[in-house]
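Note: the block below is data.txt and it holds compact mmCIF, C-alpha atoms and all ligand atoms.
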```txt
# COMPACT_ATOMS: atom_id res chain seq x y z
CA MET A 1400 3.72 -97.64 26.96
CA SER A 1401 6.56 -95.16 27.09
CA GLN A 1402 8.91 -97.84 28.37
CA PHE A 1403 8.53 -99.54 25.01
CA VAL A 1404 10.16 -96.76 23.11
CA ASP A 1405 13.85 -97.20 22.59
CA GLU A 1406 15.82 -94.07 21.76
CA CYS A 1407 19.38 -93.12 20.97
CA GLN A 1408 21.55 -90.53 19.34
CA LEU A 1409 23.72 -91.25 16.36
CA ASN A 1410 26.35 -89.13 14.71
CA VAL A 1411 26.92 -89.93 11.06
CA LYS A 1412 29.70 -88.52 8.93
CA GLY A 1413 30.30 -89.26 5.30
CA GLY A 1414 33.93 -89.58 4.20
CA ASP A 1415 35.70 -86.47 2.92
CA GLY A 1416 36.52 -86.39 -0.74
CA GLY A 1417 40.17 -86.77 -1.72
CA ALA A 1418 41.98 -83.69 -3.07
CA GLY A 1419 42.75 -83.23 -6.74
CA CYS A 1420 46.43 -83.24 -7.65
CA ILE A 1421 48.59 -80.66 -9.39
CA SER A 1422 51.17 -82.26 -11.59
CA PHE A 1423 52.73 -81.80 -15.02
CA ARG A 1424 54.18 -84.20 -17.49
CA ARG A 1425 57.93 -84.13 -17.75
CA GLU A 1426 59.04 -83.58 -21.28
CA GLY A 1427 62.68 -82.83 -20.83
CA PRO A 1428 64.92 -81.07 -18.39
CA VAL A 1429 63.49 -77.62 -19.02
CA VAL A 1430 60.17 -77.84 -20.78
CA MET A 1431 57.11 -78.48 -18.67
CA GLY A 1432 54.52 -80.73 -20.30
CA GLY A 1433 50.74 -80.59 -19.99
CA PRO A 1434 48.91 -80.98 -16.67
CA ASN A 1435 48.34 -84.56 -15.51
CA GLY A 1436 47.13 -84.24 -11.90
CA GLY A 1437 44.47 -86.88 -11.17
CA ASP A 1438 41.15 -86.39 -9.36
CA GLY A 1439 40.59 -87.26 -5.72
CA GLY A 1440 38.18 -90.12 -4.97
CA ASN A 1441 34.73 -89.48 -3.52
CA GLY A 1442 34.27 -90.08 0.21
CA GLY A 1443 32.20 -93.07 1.32
CA ASP A 1444 28.49 -92.72 2.13
CA ILE A 1445 26.64 -93.81 5.24
CA TRP A 1446 23.40 -95.69 4.75
CA LEU A 1447 20.91 -96.77 7.36
CA VAL A 1448 19.36 -100.10 6.42
CA ALA A 1449 16.44 -101.83 8.14
CA ASP A 1450 17.42 -105.35 9.09
CA HIS A 1451 15.19 -107.81 10.91
CA ASN A 1452 18.05 -109.37 12.81
CA VAL A 1453 18.48 -106.18 14.78
CA ALA A 1454 15.82 -105.71 17.44
CA SER A 1455 16.91 -102.66 19.41
CA LEU A 1456 19.02 -99.55 19.38
CA LEU A 1457 21.30 -100.96 22.06
CA ALA A 1458 24.33 -101.11 19.79
CA PHE A 1459 24.34 -97.32 19.41
CA LYS A 1460 24.25 -96.42 23.08
CA ASP A 1461 27.97 -97.00 23.65
CA HIS A 1462 29.09 -96.33 20.09
CA PRO A 1463 27.19 -93.32 18.76
CA HIS A 1464 29.58 -92.43 15.91
CA ARG A 1465 29.72 -93.83 12.41
CA LYS A 1466 32.23 -92.43 9.97
CA ALA A 1467 32.79 -93.51 6.39
CA GLU A 1468 36.19 -93.71 4.77
CA ARG A 1469 37.70 -90.71 3.00
CA GLY A 1470 38.50 -90.71 -0.70
CA VAL A 1471 42.15 -91.06 -1.67
CA HIS A 1472 43.92 -87.99 -3.05
CA GLY A 1473 44.64 -87.86 -6.76
CA LYS A 1474 48.20 -88.33 -7.96
CA GLY A 1475 50.37 -87.37 -10.91
CA LYS A 1476 50.29 -89.20 -14.22
CA ASP A 1477 46.50 -88.86 -14.27
CA GLN A 1478 46.04 -91.31 -11.42
CA HIS A 1479 42.66 -90.84 -9.77
CA GLY A 1480 42.28 -91.61 -6.08
CA ARG A 1481 40.17 -94.58 -5.02
CA ARG A 1482 36.73 -93.80 -3.59
CA GLY A 1483 36.24 -94.33 0.15
CA ASP A 1484 34.27 -97.38 1.28
CA SER A 1485 30.64 -96.74 2.20
CA ILE A 1486 29.17 -98.03 5.43
CA THR A 1487 25.79 -99.61 5.97
CA VAL A 1488 24.47 -99.26 9.48
CA LYS A 1489 21.89 -101.91 10.38
CA VAL A 1490 18.92 -100.64 12.33
CA PRO A 1491 15.77 -102.42 13.50
CA ILE A 1492 12.68 -102.44 11.32
CA GLY A 1493 10.47 -99.56 12.43
CA THR A 1494 13.33 -97.16 13.20
CA LYS A 1495 12.51 -93.50 12.80
CA ALA A 1496 15.41 -91.13 12.13
CA SER A 1497 15.07 -87.43 12.77
CA ASP A 1498 17.35 -84.46 13.22
CA LEU A 1499 18.49 -84.33 16.84
CA TYR A 1500 18.25 -80.54 16.98
CA THR A 1501 15.32 -79.56 14.77
CA GLY A 1502 13.23 -82.71 15.17
CA GLU A 1503 12.69 -82.85 11.42
CA VAL A 1504 11.88 -86.43 10.44
CA TYR A 1505 14.16 -87.80 7.72
CA ALA A 1506 13.15 -91.41 7.39
CA GLU A 1507 11.04 -94.23 8.77
CA LEU A 1508 12.48 -97.56 7.81
CA ASN A 1509 9.53 -99.89 8.18
CA ASN A 1510 10.41 -102.81 5.95
CA GLN A 1511 13.25 -105.26 5.65
CA GLY A 1512 15.90 -103.73 3.41
CA ASP A 1513 14.57 -100.13 3.44
CA ARG A 1514 17.57 -97.83 2.96
CA TRP A 1515 18.25 -94.18 3.60
CA LEU A 1516 21.36 -92.18 2.75
CA ALA A 1517 22.06 -90.65 6.15
CA ALA A 1518 25.27 -88.84 5.23
CA GLY A 1519 26.71 -88.54 1.75
CA GLY A 1520 30.44 -88.63 1.19
CA GLY A 1521 32.13 -85.49 -0.14
CA ARG A 1522 32.95 -85.32 -3.81
CA GLY A 1523 36.58 -85.72 -4.73
CA GLY A 1524 38.41 -82.63 -6.00
CA ARG A 1525 39.33 -82.37 -9.64
CA GLY A 1526 43.00 -82.52 -10.51
CA ASN A 1527 44.67 -79.77 -12.55
CA ALA A 1528 44.37 -81.87 -15.71
CA LYS A 1529 40.64 -81.04 -15.63
CA PHE A 1530 41.29 -77.29 -15.72
CA LEU A 1531 43.14 -77.34 -18.99
CA SER A 1532 41.56 -75.02 -21.55
CA ASN A 1533 42.60 -73.03 -24.58
CA LYS A 1534 43.41 -70.07 -22.40
CA ARG A 1535 44.77 -72.05 -19.50
CA ARG A 1536 47.60 -74.20 -20.82
CA ALA A 1537 49.24 -74.90 -17.48
CA PRO A 1538 46.66 -74.74 -14.70
CA SER A 1539 48.51 -74.38 -11.43
CA PHE A 1540 45.55 -75.20 -9.20
CA ALA A 1541 43.35 -78.14 -8.36
CA GLU A 1542 40.20 -78.59 -6.28
CA GLN A 1543 40.20 -79.69 -2.70
CA GLY A 1544 37.95 -82.55 -1.71
CA GLU A 1545 34.53 -81.66 -0.39
CA HIS A 1546 33.78 -82.48 3.24
CA GLY A 1547 31.43 -85.40 3.85
CA GLU A 1548 28.00 -84.56 5.25
CA GLU A 1549 27.69 -84.81 8.98
CA ARG A 1550 24.64 -84.80 11.20
CA TRP A 1551 23.39 -85.83 14.59
CA LEU A 1552 20.38 -88.06 14.38
CA LYS A 1553 17.86 -89.12 16.91
CA LEU A 1554 16.73 -92.70 16.35
CA GLU A 1555 13.50 -93.92 17.84
CA LEU A 1556 11.93 -97.34 17.84
CA ARG A 1557 8.72 -98.68 19.25
CA LEU A 1558 9.94 -101.95 20.62
CA MET A 1559 8.01 -105.00 19.52
CA ALA A 1560 8.28 -108.08 21.65
CA ASP A 1561 9.55 -111.00 19.62
CA VAL A 1562 8.95 -113.47 22.43
CA ALA A 1563 6.36 -113.15 25.21
CA LEU A 1564 6.94 -115.11 28.42
CA VAL A 1565 3.58 -116.44 29.51
CA GLY A 1566 2.91 -118.33 32.73
CA PHE A 1567 1.21 -118.45 36.09
CA PRO A 1568 2.40 -116.00 38.73
CA ASN A 1569 5.66 -116.97 40.44
CA VAL A 1570 6.86 -119.47 37.82
CA GLY A 1571 10.11 -117.57 37.26
CA LYS A 1572 9.38 -115.39 34.22
CA SER A 1573 11.16 -112.34 35.62
CA THR A 1574 14.06 -114.45 36.81
CA LEU A 1575 14.50 -115.86 33.31
CA ILE A 1576 14.43 -112.47 31.59
CA SER A 1577 16.98 -111.17 34.10
CA VAL A 1578 19.29 -114.05 33.20
CA ILE A 1579 19.02 -113.81 29.41
CA SER A 1580 18.92 -110.02 29.02
CA ALA A 1581 19.99 -106.87 30.80
CA ALA A 1582 16.45 -106.28 32.13
CA LYS A 1583 16.42 -106.24 35.93
CA PRO A 1584 12.82 -106.64 37.05
CA LYS A 1585 11.78 -107.25 40.63
CA ILE A 1586 11.87 -110.92 41.56
CA ALA A 1587 10.18 -112.32 44.66
CA ASN A 1588 8.72 -115.50 45.92
CA TYR A 1589 5.10 -114.46 45.81
CA PRO A 1590 2.53 -114.14 43.04
CA PHE A 1591 1.97 -110.94 41.11
CA THR A 1592 5.40 -109.48 41.72
CA THR A 1593 5.42 -108.15 38.19
CA LEU A 1594 2.70 -105.57 37.60
CA GLU A 1595 3.84 -104.10 34.29
CA PRO A 1596 5.45 -105.91 31.39
CA ASN A 1597 9.26 -105.72 31.22
CA LEU A 1598 11.18 -105.84 28.01
CA GLY A 1599 14.67 -107.21 27.64
CA VAL A 1600 16.92 -107.43 24.61
CA VAL A 1601 18.66 -110.75 24.10
CA SER A 1602 21.87 -110.44 22.06
CA LEU A 1603 22.93 -113.86 20.96
CA ASP A 1604 25.78 -112.86 18.68
CA ASP A 1605 26.65 -109.97 16.39
CA GLU A 1606 23.97 -111.08 13.97
CA THR A 1607 21.06 -111.96 16.20
CA GLU A 1608 19.10 -109.87 18.62
CA PHE A 1609 15.54 -110.22 19.79
CA VAL A 1610 13.22 -108.68 22.35
CA VAL A 1611 11.64 -110.69 25.14
CA ALA A 1612 8.65 -109.45 27.14
CA ASP A 1613 8.08 -110.61 30.71
CA ILE A 1614 4.32 -110.39 31.11
CA PRO A 1615 2.54 -110.30 34.49
CA GLY A 1616 1.31 -113.72 35.55
CA LEU A 1617 -1.87 -115.19 34.09
CA ILE A 1618 -4.34 -117.18 36.14
CA GLU A 1619 -7.34 -119.26 35.26
CA GLY A 1620 -10.08 -116.87 34.15
CA ALA A 1621 -7.58 -114.22 32.99
CA SER A 1622 -9.28 -113.96 29.61
CA GLU A 1623 -12.46 -112.98 31.43
CA GLY A 1624 -10.63 -110.42 33.47
CA ARG A 1625 -9.43 -112.29 36.54
CA GLY A 1626 -6.08 -111.34 38.03
CA LEU A 1627 -3.80 -108.93 36.23
CA GLY A 1628 -3.07 -110.89 33.16
CA HIS A 1629 -5.90 -109.91 30.91
CA GLN A 1630 -4.87 -106.31 30.50
CA PHE A 1631 -1.52 -107.53 29.36
CA LEU A 1632 -2.75 -110.14 26.95
CA ARG A 1633 -2.61 -107.46 24.29
CA HIS A 1634 1.18 -107.42 24.63
CA VAL A 1635 1.14 -111.14 24.12
CA GLU A 1636 -0.99 -110.50 21.07
CA ARG A 1637 1.78 -108.55 19.36
CA ALA A 1638 4.58 -111.04 20.04
CA ARG A 1639 5.79 -113.27 17.23
CA VAL A 1640 6.58 -116.22 19.45
CA LEU A 1641 5.08 -117.39 22.76
CA CYS A 1642 7.10 -119.05 25.47
CA LEU A 1643 4.80 -120.84 27.91
CA MET A 1644 6.48 -121.38 31.25
CA VAL A 1645 5.13 -123.97 33.64
CA ASP A 1646 6.34 -124.39 37.19
CA LEU A 1647 7.83 -127.80 38.00
CA ALA A 1648 7.65 -126.94 41.72
CA PRO A 1649 4.32 -125.16 41.98
CA MET A 1650 3.21 -123.79 45.35
CA ASP A 1651 -0.37 -124.90 44.79
CA ASN A 1652 0.35 -128.31 43.26
CA VAL A 1653 -1.17 -127.56 39.90
CA TRP A 1654 0.93 -129.91 37.80
CA PRO A 1655 2.80 -128.66 34.75
CA ASN A 1656 0.53 -130.29 32.15
CA GLU A 1657 -2.47 -128.79 33.84
CA GLN A 1658 -0.79 -125.34 33.85
CA GLU A 1659 -0.13 -125.69 30.12
CA ARG A 1660 -3.75 -126.64 29.47
CA ILE A 1661 -5.07 -123.66 31.44
CA LEU A 1662 -2.66 -121.23 29.77
CA LEU A 1663 -3.70 -122.38 26.32
CA GLU A 1664 -7.34 -122.10 27.28
CA GLU A 1665 -6.84 -118.53 28.44
CA LEU A 1666 -4.86 -117.54 25.37
CA GLY A 1667 -7.44 -119.09 23.06
CA GLY A 1668 -10.27 -117.53 25.06
CA TYR A 1669 -8.73 -114.11 24.61
CA GLN A 1670 -7.96 -114.54 20.95
CA PRO A 1671 -8.13 -117.84 19.08
CA ASP A 1672 -5.25 -117.02 16.70
CA LEU A 1673 -2.87 -116.96 19.65
CA LEU A 1674 -3.02 -120.75 19.53
CA GLU A 1675 -1.58 -120.63 16.01
CA ARG A 1676 1.44 -118.59 17.13
CA PRO A 1677 4.73 -120.47 17.16
CA ARG A 1678 5.35 -121.51 20.75
CA ILE A 1679 7.73 -123.14 23.14
CA VAL A 1680 6.66 -124.82 26.37
CA VAL A 1681 9.20 -125.21 29.11
CA GLY A 1682 9.19 -126.43 32.72
CA THR A 1683 10.90 -124.04 35.15
CA LYS A 1684 12.89 -124.46 38.39
CA ALA A 1685 14.35 -127.74 37.19
CA ASP A 1686 16.81 -127.56 40.08
CA MET A 1687 13.93 -128.08 42.50
CA VAL A 1688 12.86 -131.47 41.21
CA GLN A 1689 14.37 -134.81 42.07
CA GLU A 1690 15.07 -137.72 39.81
CA GLY A 1691 11.73 -139.42 39.16
CA ASP A 1692 9.57 -136.36 39.97
CA LEU A 1693 9.13 -135.52 36.33
CA GLU A 1694 7.88 -138.99 35.66
CA ILE A 1695 5.40 -138.79 38.50
CA MET A 1696 4.18 -135.40 37.20
CA GLU A 1697 4.12 -136.84 33.69
CA TRP A 1698 6.21 -134.00 32.34
CA ASP A 1699 8.32 -134.99 29.36
CA GLY A 1700 8.81 -131.53 27.86
CA ASP A 1701 11.88 -129.28 28.03
CA VAL A 1702 13.09 -128.08 31.40
CA VAL A 1703 15.17 -125.11 32.49
CA SER A 1704 16.64 -123.66 35.65
CA ALA A 1705 17.29 -119.95 35.65
CA ILE A 1706 19.16 -120.39 38.91
CA THR A 1707 21.71 -123.03 37.83
CA GLY A 1708 21.59 -122.07 34.16
CA ASP A 1709 20.73 -125.59 33.05
CA GLY A 1710 18.82 -125.57 29.80
CA VAL A 1711 18.97 -121.78 29.43
CA SER A 1712 21.13 -121.62 26.33
CA ALA A 1713 19.11 -124.37 24.64
CA LEU A 1714 15.94 -122.40 25.40
CA VAL A 1715 17.41 -119.16 24.06
CA GLY A 1716 18.55 -121.01 20.93
CA LYS A 1717 15.02 -122.31 20.39
CA MET A 1718 13.58 -118.83 20.82
CA ALA A 1719 16.09 -117.40 18.34
CA SER A 1720 15.25 -119.98 15.74
CA LEU A 1721 11.47 -119.52 16.01
CA VAL A 1722 11.92 -115.73 15.95
CA HIS A 1723 14.14 -116.03 12.92
CA ASP A 1724 11.47 -118.03 11.06
CA ALA A 1725 8.66 -115.72 12.15
CA ARG A 1726 10.61 -112.71 10.91
CA GLN A 1727 10.73 -114.11 7.40
CA GLU A 1728 7.03 -113.42 7.11
CA VAL A 1729 6.90 -110.12 5.36
CA ARG A 1730 4.39 -107.62 6.59
CA HIS A 1731 4.41 -104.52 4.50
CA ASP A 1732 4.21 -101.12 6.10
CA ASP A 1733 4.60 -97.81 4.39
CA GLY A 1734 7.91 -96.20 5.13
CA LEU A 1735 8.98 -92.66 4.69
CA ILE A 1736 12.12 -91.19 3.29
CA VAL A 1737 12.46 -87.48 2.98
CA ILE A 1738 14.71 -86.42 0.17
CA ARG A 1739 15.75 -82.86 0.72
CA PRO A 1740 17.17 -81.24 -2.36
CA GLU A 1741 20.76 -80.15 -1.92
CA PRO A 1742 21.01 -76.38 -2.11
CA SER A 1743 22.85 -76.20 -5.39
CA GLY A 1744 23.75 -73.17 -7.46
CA ALA A 1745 24.11 -70.07 -5.37
CA LEU A 1746 22.06 -68.15 -2.85
CA VAL A 1747 22.85 -64.73 -1.46
CA GLU A 1748 22.42 -64.06 2.25
CA ARG A 1749 22.90 -60.64 3.74
CA VAL A 1750 25.11 -60.97 6.81
CA GLN A 1751 25.02 -57.33 7.91
CA GLU A 1752 25.41 -53.88 6.43
CA GLY A 1753 28.02 -54.11 3.68
CA GLU A 1754 28.52 -57.84 4.02
CA PHE A 1755 27.00 -60.72 2.07
CA ARG A 1756 27.47 -64.45 2.03
CA LEU A 1757 27.09 -66.75 -0.96
CA VAL A 1758 25.94 -70.25 -0.10
CA GLY A 1759 25.22 -73.38 -2.12
CA ARG A 1760 27.13 -76.41 -3.13
CA ASP A 1761 28.22 -75.12 -6.52
CA VAL A 1762 29.36 -71.71 -5.43
CA GLU A 1763 31.25 -73.10 -2.45
CA ARG A 1764 32.91 -75.54 -4.77
CA VAL A 1765 34.26 -72.73 -6.90
CA VAL A 1766 36.54 -71.47 -4.15
CA ALA A 1767 37.54 -74.85 -2.81
CA LEU A 1768 40.83 -74.71 -4.62
CA ASN A 1769 44.13 -75.73 -3.14
CA ASP A 1770 45.46 -72.23 -3.70
CA VAL A 1771 43.25 -69.22 -4.26
CA THR A 1772 46.06 -66.66 -4.38
CA THR A 1773 47.48 -67.12 -7.85
CA PRO A 1774 46.19 -64.81 -10.58
CA GLU A 1775 45.26 -67.85 -12.59
CA ALA A 1776 43.14 -69.33 -9.83
CA LEU A 1777 41.48 -65.95 -9.27
CA ALA A 1778 40.69 -65.66 -12.94
CA TYR A 1779 39.12 -69.12 -12.82
CA ILE A 1780 37.01 -68.16 -9.78
CA ASP A 1781 35.82 -65.01 -11.52
CA TYR A 1782 34.86 -66.91 -14.59
CA ARG A 1783 32.95 -69.60 -12.65
CA LEU A 1784 31.06 -67.09 -10.50
CA GLU A 1785 30.06 -65.24 -13.63
CA ARG A 1786 28.73 -68.48 -15.10
CA LEU A 1787 26.66 -69.10 -11.95
CA GLY A 1788 25.11 -65.65 -12.32
CA VAL A 1789 26.60 -64.38 -9.07
CA PRO A 1790 27.31 -60.74 -10.11
CA LYS A 1791 23.68 -60.29 -11.12
CA MET A 1792 22.45 -61.85 -7.89
CA LEU A 1793 24.67 -59.57 -5.83
CA SER A 1794 23.51 -56.41 -7.54
CA LYS A 1795 19.88 -57.51 -7.12
CA ALA A 1796 20.54 -58.10 -3.44
CA GLY A 1797 21.76 -54.51 -3.17
CA ALA A 1798 25.49 -55.03 -2.93
CA VAL A 1799 27.50 -51.92 -3.73
CA GLU A 1800 31.15 -51.41 -4.58
CA GLY A 1801 33.43 -52.22 -1.67
CA ASP A 1802 31.02 -54.56 0.12
CA VAL A 1803 32.59 -57.74 1.44
CA ILE A 1804 31.40 -60.99 -0.12
CA TRP A 1805 32.01 -64.27 1.68
CA ILE A 1806 32.03 -67.76 0.24
CA GLY A 1807 33.07 -70.28 2.88
CA ASN A 1808 36.30 -68.89 4.35
CA PHE A 1809 37.08 -66.97 1.22
CA SER A 1810 36.21 -63.29 0.89
CA PHE A 1811 36.59 -60.61 -1.74
CA ASP A 1812 35.56 -57.04 -2.31
CA TYR A 1813 32.61 -56.50 -4.57
CA GLU A 1814 33.34 -54.66 -7.81
CA PRO A 1815 30.29 -54.22 -9.99
CA ASP A 1816 30.80 -54.55 -13.75
CA ARG A 1817 30.71 -51.28 -15.49
N1 LIG B 1901 14.91 -122.80 42.60
C1 LIG B 1901 14.57 -121.95 41.64
N2 LIG B 1901 13.84 -120.85 41.94
C2 LIG B 1901 13.51 -120.02 40.96
C3 LIG B 1901 13.91 -120.24 39.63
N3 LIG B 1901 13.43 -119.21 38.87
C4 LIG B 1901 12.77 -118.40 39.72
N4 LIG B 1901 12.80 -118.88 40.97
C5 LIG B 1901 12.21 -118.26 42.15
O1 LIG B 1901 10.82 -118.21 41.99
C6 LIG B 1901 10.28 -117.06 42.59
C7 LIG B 1901 9.44 -116.27 41.60
O2 LIG B 1901 10.29 -115.81 40.56
P1 LIG B 1901 9.87 -114.61 39.62
O3 LIG B 1901 10.88 -114.57 38.56
O4 LIG B 1901 9.60 -113.39 40.40
O5 LIG B 1901 8.51 -115.18 39.04
P2 LIG B 1901 7.48 -114.49 38.03
O6 LIG B 1901 6.98 -115.55 37.13
O7 LIG B 1901 8.09 -113.32 37.41
O8 LIG B 1901 6.32 -114.08 39.03
P3 LIG B 1901 5.21 -112.92 38.85
O9 LIG B 1901 5.90 -111.69 38.47
O10 LIG B 1901 4.59 -112.83 40.19
O11 LIG B 1901 4.24 -113.43 37.84
C8 LIG B 1901 11.46 -116.28 43.12
O12 LIG B 1901 11.63 -116.57 44.49
C9 LIG B 1901 12.62 -116.83 42.33
O13 LIG B 1901 13.85 -116.75 43.03
C10 LIG B 1901 14.69 -121.41 39.33
O14 LIG B 1901 15.08 -121.70 38.20
N5 LIG B 1901 14.98 -122.22 40.39
MG MG B 1902 7.63 -111.38 37.59
```
Would you encode the structure as structure tokens?
Ligand SMILES: Nc1nc2c(ncn2[C@@H]2O[C@H](COP(=O)(O)OP(=O)(O)OP(=O)(O)O)[C@@H](O)[C@H]2O)c(=O)[nH]1
Ligand SMILES: [Mg+2]
Amino acid sequence: MSQFVDECQLNVKGGDGGAGCISFRREGPVVMGGPNGGDGGNGGDIWLVADHNVASLLAFKDHPHRKAERGVHGKGKDQHGRRGDSITVKVPIGTKASDLYTGEVYAELNNQGDRWLAAGGGRGGRGNAKFLSNKRRAPSFAEQGEHGEERWLKLELRLMADVALVGFPNVGKSTLISVISAAKPKIANYPFTTLEPNLGVVSLDDETEFVVADIPGLIEGASEGRGLGHQFLRHVERARVLCLMVDLAPMDNVWPNEQERILLEELGGYQPDLLERPRIVVGTKADMVQEGDLEIMEWDGDVVSAITGDGVSALVGKMASLVHDARQEVRHDDGLIVIRPEPSGALVERVQEGEFRLVGRDVERVVALNDVTTPEALAYIDYRLERLGVPKMLSKAGAVEGDVIWIGNFSFDYEPDR
């Protein structure tokens, strides 16, 4: 069954937040007015959404990156930047997303419309207008935008056949799948060429994709175990739509109507509900029959030639429409979405002797200022760290005077309060 698992890697990156702006009102040639720098917009998010029109992970193989738009920077006169557009990435129903490196499972999107936030956009930075306070009349700093989240995902999908090709050996099942999909099974002019089912993905247009299974040939008595077919009838069992293929130029002169009758008998003998499945019946090798032959064989159904291509697009269109209808039937499966809390606040990590690192969204935010060198910005940082309880955490962690404390790329020397 391993061949039925589709797998790919996907890199998702939320948009970066826009930077906050530093600007002051003009109130005359000399006097500087109050701060009016606007906030940066948030970066766009990336969502994975289960969509039944997508049947495989094929689309990701050549294009493994998805990146959402960044937020626009804030501007003067209190103009806030626009938020970046979010992206929804359509994935097949049943897609499992996990971390490429740790294997941790994030989400299983098992139902139409299930959504998972794969990478959040960064928050926009606050403009200097937001840092106005009684003590700080003319804040000369603003926040930078936060980076969007980024991760490498592994996507996995157990492929489900939408359409099963069912027919006697040698009717041209493998030839058809090789023409309508990228599957390249062995094709030969003798029965039982195909020994294992082959799956192929048919991409009709940007919106429609479905999976076709080429099943080893069935013969009369298959449901009782004759030939190869019976062991593969269980793959037929899972398909939404059946495509019965009957040979218009059979080697053994079993006429098409008779082939259809036997196939239906075998399907029904294996499992009666298979006869209720939406189905298409088509005569193959139409290029081999002469004018009048069809009448003699009393075949008035559809015909197709995988060799000349006659009737192929009509057949694919029919499959797509039956698959589309069958997909509307909602089967409900439990999904899974793991919400991992963002590390907020602050955490202290000891890097090595005399060196500590503060991590967490809030504490990292405190130093994400456009300029951390002005006394005013430093005073702000001090004040915010105090509010987050950082000095207490550092002393508990054993930091002593002169130790180096890192937050992101920013570092300072530890000075305990006296
Ligand atoms: N003339 C003609 N020959 C075809 C057509 N489709 C398939 N064939 C030939 O029929 C033979 C059998 O084709 P396959 O596609 O291997 O048939 P199959 O149904 O997969 O056979 P099994 O795997 O044995 O069940 C090959 O020689 C093909 O070239 C067609 O449309 N026209
Ligand atoms: Mg075959």
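Among A:Thr1607, A:Gln1408, A:Thr1772, A:Asn1527, the residue with the shortest atom-to-atom distance to Asn1435 (chain A), counting only C-alpha atoms, is A:Asn1527.
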Item to complete: Write out as a ChimeraX atom specification the residues lying within 12 Å of Val1771 (chain A), counting all atoms listed in the file and excluding same-chain residues fewer than 2 positions away.
Response: /A:1539-1543,1765-1769,1773-1781,1808-1811
Only C-alpha atoms, please: the residues just picked out, written as a CSV table (one decimal), in the coordinates of the input.
```
chain,number,residue,atom,x,y,z
A,1539,SER,CA,48.5,-74.4,-11.4
A,1540,PHE,CA,45.6,-75.2,-9.2
A,1541,ALA,CA,43.4,-78.1,-8.4
A,1542,GLU,CA,40.2,-78.6,-6.3
A,1543,GLN,CA,40.2,-79.7,-2.7
A,1765,VAL,CA,34.3,-72.7,-6.9
A,1766,VAL,CA,36.5,-71.5,-4.2
A,1767,ALA,CA,37.5,-74.8,-2.8
A,1768,LEU,CA,40.8,-74.7,-4.6
A,1769,ASN,CA,44.1,-75.7,-3.1
A,1773,THR,CA,47.5,-67.1,-7.8
A,1774,PRO,CA,46.2,-64.8,-10.6
A,1775,GLU,CA,45.3,-67.8,-12.6
A,1776,ALA,CA,43.1,-69.3,-9.8
A,1777,LEU,CA,41.5,-66.0,-9.3
A,1778,ALA,CA,40.7,-65.7,-12.9
A,1779,TYR,CA,39.1,-69.1,-12.8
A,1780,ILE,CA,37.0,-68.2,-9.8
A,1781,ASP,CA,35.8,-65.0,-11.5
A,1808,ASN,CA,36.3,-68.9,4.4
A,1809,PHE,CA,37.1,-67.0,1.2
A,1810,SER,CA,36.2,-63.3,0.9
A,1811,PHE,CA,36.6,-60.6,-1.7
```
Practice prompt. For each of A:Asn1510, A:Asn1588, A:Asn1410, A:Asn1533, take the minimum atom-to-atom distance to ligand LIG 1901 (chain B), counting only C-alpha atoms and all ligand atoms, then give the residue where this is smallest.
Written response: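 With only C-alpha atoms and all ligand atoms as the atom set, the closest residue is A:Asn1588.
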For chain A versus ligand LIG 1901 (chain B), which residues have an atom no more than 8 Å away, and what is each residue's nearest atom pair and distance in Å rounded to one decimal, using all atoms listed in the file, chain-then-number order, as a Markdown table?
```
| residue | atom | partner | partner_atom | distance |
| --- | --- | --- | --- | --- |
| A:Gly1566 | CA | B:LIG1901 | O6 | 6.6 |
| A:Phe1567 | CA | B:LIG1901 | O11 | 6.1 |
| A:Pro1568 | CA | B:LIG1901 | O11 | 3.3 |
| A:Asn1569 | CA | B:LIG1901 | O8 | 3.3 |
| A:Val1570 | CA | B:LIG1901 | O6 | 4.0 |
| A:Gly1571 | CA | B:LIG1901 | O3 | 3.4 |
| A:Lys1572 | CA | B:LIG1901 | O6 | 3.8 |
| A:Ser1573 | CA | B:LIG1901 | O7 | 3.7 |
| A:Thr1574 | CA | B:LIG1901 | O3 | 3.6 |
| A:Leu1575 | CA | B:LIG1901 | O3 | 6.5 |
| A:Lys1585 | CA | B:LIG1901 | O4 | 6.5 |
| A:Ile1586 | CA | B:LIG1901 | O4 | 3.5 |
| A:Ala1587 | CA | B:LIG1901 | O4 | 4.4 |
| A:Asn1588 | CA | B:LIG1901 | O12 | 3.4 |
| A:Tyr1589 | CA | B:LIG1901 | O10 | 5.9 |
| A:Pro1590 | CA | B:LIG1901 | O10 | 3.8 |
| A:Phe1591 | CA | B:LIG1901 | O10 | 3.4 |
| A:Thr1592 | CA | B:LIG1901 | O10 | 3.8 |
| A:Thr1593 | CA | B:LIG1901 | O9 | 3.6 |
| A:Leu1594 | CA | B:LIG1901 | O9 | 7.0 |
| A:Asp1613 | CA | B:LIG1901 | O7 | 7.2 |
| A:Ile1614 | CA | B:LIG1901 | O11 | 7.4 |
| A:Pro1615 | CA | B:LIG1901 | O11 | 4.9 |
| A:Gly1616 | CA | B:LIG1901 | O11 | 3.7 |
| A:Leu1617 | CA | B:LIG1901 | O11 | 7.4 |
| A:Thr1683 | CA | B:LIG1901 | O14 | 5.7 |
| A:Lys1684 | CA | B:LIG1901 | O14 | 3.5 |
| A:Ala1685 | CA | B:LIG1901 | O14 | 6.2 |
| A:Asp1686 | CA | B:LIG1901 | N5 | 5.7 |
| A:Met1687 | CA | B:LIG1901 | N1 | 5.4 |
| A:Val1703 | CA | B:LIG1901 | O14 | 6.7 |
| A:Ser1704 | CA | B:LIG1901 | O14 | 3.6 |
| A:Ala1705 | CA | B:LIG1901 | O14 | 3.8 |
| A:Ile1706 | CA | B:LIG1901 | O14 | 4.3 |
| A:Thr1707 | CA | B:LIG1901 | O14 | 6.8 |
| A:Gly1708 | CA | B:LIG1901 | O14 | 7.7 |
```
